[in-house]
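Novice: Shown below is the structure under consideration.
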Amino acid sequence: MKAMTKHRLFWPVVALLVLLLGDLIASPSFFKIEFRDGHLYGNLVDILKNGAPLILIAIGMTLVIATRGIDLSVGAVVAISGSLACLWISDNPDGTGTTLVAFGLALGLSLVLGVWNGWLVAALGIQPIIATLILMVAGRGIAQLISGGQIITVNSHSFEWIGSGFLFTLPSAILVALAVFVLASVLVRRSALGLLVEAVGGNPEASRLAGLRSARLTWLVYVFCALCAGVAGLMISANVHSADANHAGLFIELDAILAVVVGGTQLTGGRFSLGGAVIGALLIQTLTTTVYALGIPPESIMLFKAIVVLVVCLLQSPAFRRRFRRRRGARPVTPAPTPAPEKVEVTA
């Protein structure tokens with residue numbers, strides 16, 4: 001049991017199970033899953049479906065953080081991707097070909113934005129938080145220019161498939177996120193790529209002296225992260241049949257960083273866990289769904305997220321657990337009575 005509690009995924013999984021148990025107690029029908037018109041519906045299905053964009057971004061963010069980086073621009077890339085795709089679809093006849101071109105344009109621009117971030121960080125040596133903050137600020141403006149400052153509404157059955165469609169009775173968004181997770185896991189765990197990423201994040205200078213092309217690898221992870229954000233932007237826009245440059249992907253970069261940290265990946269780089277990022281994303285999405293399901297004011301979502309993340313991070317901290325055990329194991333010590341001073345007789 002002690003070895004199990006030291007596993008990086010133990011406390012995130014416990015927190016997720018406790019949250020789901022609380023949902024079951026508060027609403028016994030929370031776990032109910034229905035089969036209608038050949039599709040699965042229910043709160044658990046909604047958590048997976050609505051959490052798919054966050055899962056995608058958390059996967060990309062995990063690899064960026066593993067190289068001692070950070071990407072604050074993913075929310076802006078989400079808005080840009082959705083705006084460009086919806087603009088193309090709204091200006092052209094509905095059809096599979098139009099949708100595929102829209103996907104290609106959106107993902108192609110996302111790739112260019114990832115190359116830009118990687119160039120600033122890997123080639124110019126700008127600090128990742130500053131380099132990606134540039135696109136975080138400018139990206140919303142780019143999305144506004146693409147959409148003309150308006151919410152672009154689309155009605156395309158082929159486009160909505162990636163966000164609200166179904167395949168094999170499951171929402172297609174879940175299957176897309178699963179495919180990206182499997183692909184990323186195979187690449188980083190079944191090849192040397194994962195070890196190279198950990199080496200670059202663990203000690204960039206040593207990895208460079210050892211002959212690793214750390215700059216090229218750093219460039220690659222930023223491109224992958226931007227592509228994940230681009231797919232997430234398509235999902236979000238297709239789910240609501242519109243593109244809102246102001247609100248699409250707003251604060252999703254913070255949720256992705258929280259998911260990665262909760263999943264056991266350290267911001268100092270090195271070892272990482274894609275599975276932990278997925279669990280962290282599901283934990284955050286479950287918390288959001290719980291707030292809405294229980295009728296709690298939505299304004300308090302950020303507060304609940306902060307509390308849950310704080311608790312999980314404290315439980316994951318070895319220093320906090322040692323101090324907690326030491327305080328529990330301490331016994332009050334009763335001071336020994338002070339002996340009375342001996343009387344000394346003085347004789348004349």
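Ligands are numbered from 1 in the order shown, residues from 1 within each chain, and chains are lettered A, B, ... in the order they appear in the structure tokens.
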So that I can check the surroundings of range 67-78 of chain A, please list as a PyMOL selection string every protein, DNA and RNA residue that reaches within 6 Å of it, counting only C-alpha atoms and ignoring chain neighbours fewer than 5 positions away.

Specialist: chain A and resi 128-129+132-133+135-136+139-140+200-201+229-230+233+249-250+252-253+268-269

Novice: For Ala248 in chain A, find every residue with an atom within 7 Å (counting only C-alpha atoms), except residues of its own chain fewer than 3 positions away, and show them as JSON, numbers by chain.

Specialist: {"A": [78, 79, 244, 245]}

Novice: Looking at only C-alpha atoms, which of A:Leu107, A:Leu274, A:Leu283, A:Ile257 is the one that sits closest to Phe304 in chain A?

Specialist: A:Leu283

Novice: Rounded to one decimal place, report the CA of Arg327 in chain A-CA of Val311 in chain A distance in Å.

Specialist: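 Answer for the CA of Arg327 in chain A to CA of Val311 in chain A separation: 18.0 Å.
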
Novice: So that I can check the surroundings of range 10-21 of chain A, please list as a list in words every protein, DNA and RNA residue that reaches within 8 Å of it, counting only C-alpha atoms and ignoring chain neighbours fewer than 2 positions away.

Specialist: Met4, Thr5, Lys6, His7, Arg8, Asp23, Leu24, Ile25, Val262, Gly263, Gly276, Ile279, Gly280, Leu282, Leu283, Thr286, Leu287, Val312, Leu315 and Gln316 of chain A

Novice: Under the rule of at most 12 Å, produce a per-residue listing of range 226-280 of chain A near range 296-303 of chain A: chain, number, name, the closest pair of atoms, and the distance in Å, as a Markdown table, using only C-alpha atoms.

Specialist:
| residue | atom | partner | partner_atom | distance |
| --- | --- | --- | --- | --- |
| A:Phe251 | CA | A:Met302 | CA | 10.2 |
| A:Ile252 | CA | A:Met302 | CA | 11.8 |
| A:Leu254 | CA | A:Met302 | CA | 10.5 |
| A:Asp255 | CA | A:Met302 | CA | 9.7 |
| A:Leu258 | CA | A:Met302 | CA | 11.6 |

Novice: Please report the interatomic distance between CA of Ile33 in chain A and CA of Asp46 in chain A in Å with one decimal.

Specialist: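 Straight-line distance from CA of Ile33 in chain A to CA of Asp46 in chain A works out to 10.2 Å.
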
Novice: Considering only helix (DSSP H, G or I) as DSSP defines it on the backbone, what residues of range 49-228 of chain A qualify? List them as a ChimeraX atom specification.

Specialist: /A:49-66,74-90,96-123,128-147,157-164,172-189,193-202,204-209,214-228

Novice: Which residues come within 7 Å of Ile174 in chain A, counting only C-alpha atoms, excluding same-chain residues fewer than 2 positions away, as number ranges by chain?

Specialist: A: 48-49, 52, 171-172, 176-178

Novice: What lies within 8 Å of Ala277 in chain A using only C-alpha atoms, ignoring chain neighbours under 4 positions off, as a PyMOL selection string?

Specialist: chain A and resi 55+58-59+62+259-265+273+281

Novice: With N, CA and C atoms retained, could you export that selection as a PDB file, in the first residue's frame?

Specialist:
ATOM      1  N   ILE A  55      -8.210  17.320 -23.004  1.00  0.00           N
ATOM      2  CA  ILE A  55      -7.295  16.181 -23.033  1.00  0.00           C
ATOM      3  C   ILE A  55      -6.255  16.363 -24.139  1.00  0.00           C
ATOM      4  N   ALA A  58      -3.814  19.050 -23.113  1.00  0.00           N
ATOM      5  CA  ALA A  58      -2.993  18.581 -21.995  1.00  0.00           C
ATOM      6  C   ALA A  58      -1.910  17.623 -22.484  1.00  0.00           C
ATOM      7  N   ILE A  59      -2.208  16.806 -23.490  1.00  0.00           N
ATOM      8  CA  ILE A  59      -1.200  15.900 -24.047  1.00  0.00           C
ATOM      9  C   ILE A  59      -0.053  16.702 -24.664  1.00  0.00           C
ATOM     10  N   THR A  62       1.952  18.534 -21.976  1.00  0.00           N
ATOM     11  CA  THR A  62       2.818  17.653 -21.195  1.00  0.00           C
ATOM     12  C   THR A  62       4.208  17.562 -21.813  1.00  0.00           C
ATOM     13  N   ALA A 259      -4.012  20.441 -15.401  1.00  0.00           N
ATOM     14  CA  ALA A 259      -4.166  19.008 -15.656  1.00  0.00           C
ATOM     15  C   ALA A 259      -2.814  18.305 -15.691  1.00  0.00           C
ATOM     16  N   VAL A 260      -1.830  18.936 -16.307  1.00  0.00           N
ATOM     17  CA  VAL A 260      -0.497  18.336 -16.399  1.00  0.00           C
ATOM     18  C   VAL A 260       0.139  18.234 -15.015  1.00  0.00           C
ATOM     19  N   VAL A 261       0.019  19.308 -14.226  1.00  0.00           N
ATOM     20  CA  VAL A 261       0.620  19.306 -12.892  1.00  0.00           C
ATOM     21  C   VAL A 261      -0.071  18.300 -11.988  1.00  0.00           C
ATOM     22  N   VAL A 262      -1.402  18.273 -12.033  1.00  0.00           N
ATOM     23  CA  VAL A 262      -2.145  17.300 -11.221  1.00  0.00           C
ATOM     24  C   VAL A 262      -1.779  15.881 -11.625  1.00  0.00           C
ATOM     25  N   GLY A 263      -1.504  15.682 -12.913  1.00  0.00           N
ATOM     26  CA  GLY A 263      -1.145  14.358 -13.408  1.00  0.00           C
ATOM     27  C   GLY A 263       0.246  13.903 -13.044  1.00  0.00           C
ATOM     28  N   GLY A 264       1.004  14.719 -12.325  1.00  0.00           N
ATOM     29  CA  GLY A 264       2.295  14.267 -11.820  1.00  0.00           C
ATOM     30  C   GLY A 264       3.507  14.733 -12.585  1.00  0.00           C
ATOM     31  N   THR A 265       3.327  15.536 -13.634  1.00  0.00           N
ATOM     32  CA  THR A 265       4.468  16.059 -14.373  1.00  0.00           C
ATOM     33  C   THR A 265       4.946  17.345 -13.717  1.00  0.00           C
ATOM     34  N   SER A 273       4.166  12.223 -17.690  1.00  0.00           N
ATOM     35  CA  SER A 273       3.156  11.168 -17.738  1.00  0.00           C
ATOM     36  C   SER A 273       1.984  11.635 -18.585  1.00  0.00           C
ATOM     37  N   ALA A 281      -6.999  16.060 -16.732  1.00  0.00           N
ATOM     38  CA  ALA A 281      -8.015  16.722 -17.551  1.00  0.00           C
ATOM     39  C   ALA A 281      -9.415  16.210 -17.218  1.00  0.00           C
TER      40      ALA A 281
END

Novice: Pick the closest to Leu267 in chain A from A:Val64, A:Leu54, A:Ile134, A:Ala243: which is it, counting only C-alpha atoms?

Specialist: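 Of all the options, A:Val64 lies closest to Leu267 in chain A.
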
Novice: Rounded to one decimal place, report the CA of Glu160 in chain A-CA of Gly95 in chain A distance in Å.

Specialist: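 CA of Glu160 in chain A sits 11.5 Å away from CA of Gly95 in chain A.
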
Novice: What lies within 8 Å of Ala85 in chain A using only C-alpha atoms, ignoring chain neighbours under 5 positions off, as a PyMOL selection string?

Specialist: chain A and resi 99+102-103+105-106+234

Novice: Compile the contact shell of Ala192 in chain A as number ranges by chain: residues with an atom at most 12 Å away, counting only C-alpha atoms, same-chain residues fewer than 6 positions apart removed.

Specialist: A: 185-186, 198-199, 212, 217

Novice: Write the residues of the preceding selection, restricted to C-alpha atoms, as a PDB file, in the first residue's frame.

Specialist:
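What ended up in result.pdb:
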ATOM      1  CA  SER A 185       2.008   7.228 -26.227  1.00  0.00           C
ATOM      2  CA  VAL A 186       3.390   4.932 -28.912  1.00  0.00           C
ATOM      3  CA  GLU A 198      13.130  13.653 -20.694  1.00  0.00           C
ATOM      4  CA  ALA A 199      16.864  14.102 -21.260  1.00  0.00           C
ATOM      5  CA  LEU A 212      21.322  15.422 -28.750  1.00  0.00           C
ATOM      6  CA  LEU A 217      13.367  18.448 -30.311  1.00  0.00           C
TER       7      LEU A 217
END

Novice: Identify all residues of range 55-290 of chain A in strand (DSSP E) (DSSP on the backbone) and supply them as a PyMOL selection string.

Specialist: chain A and resi 152-153+166-167+170-171+242-243
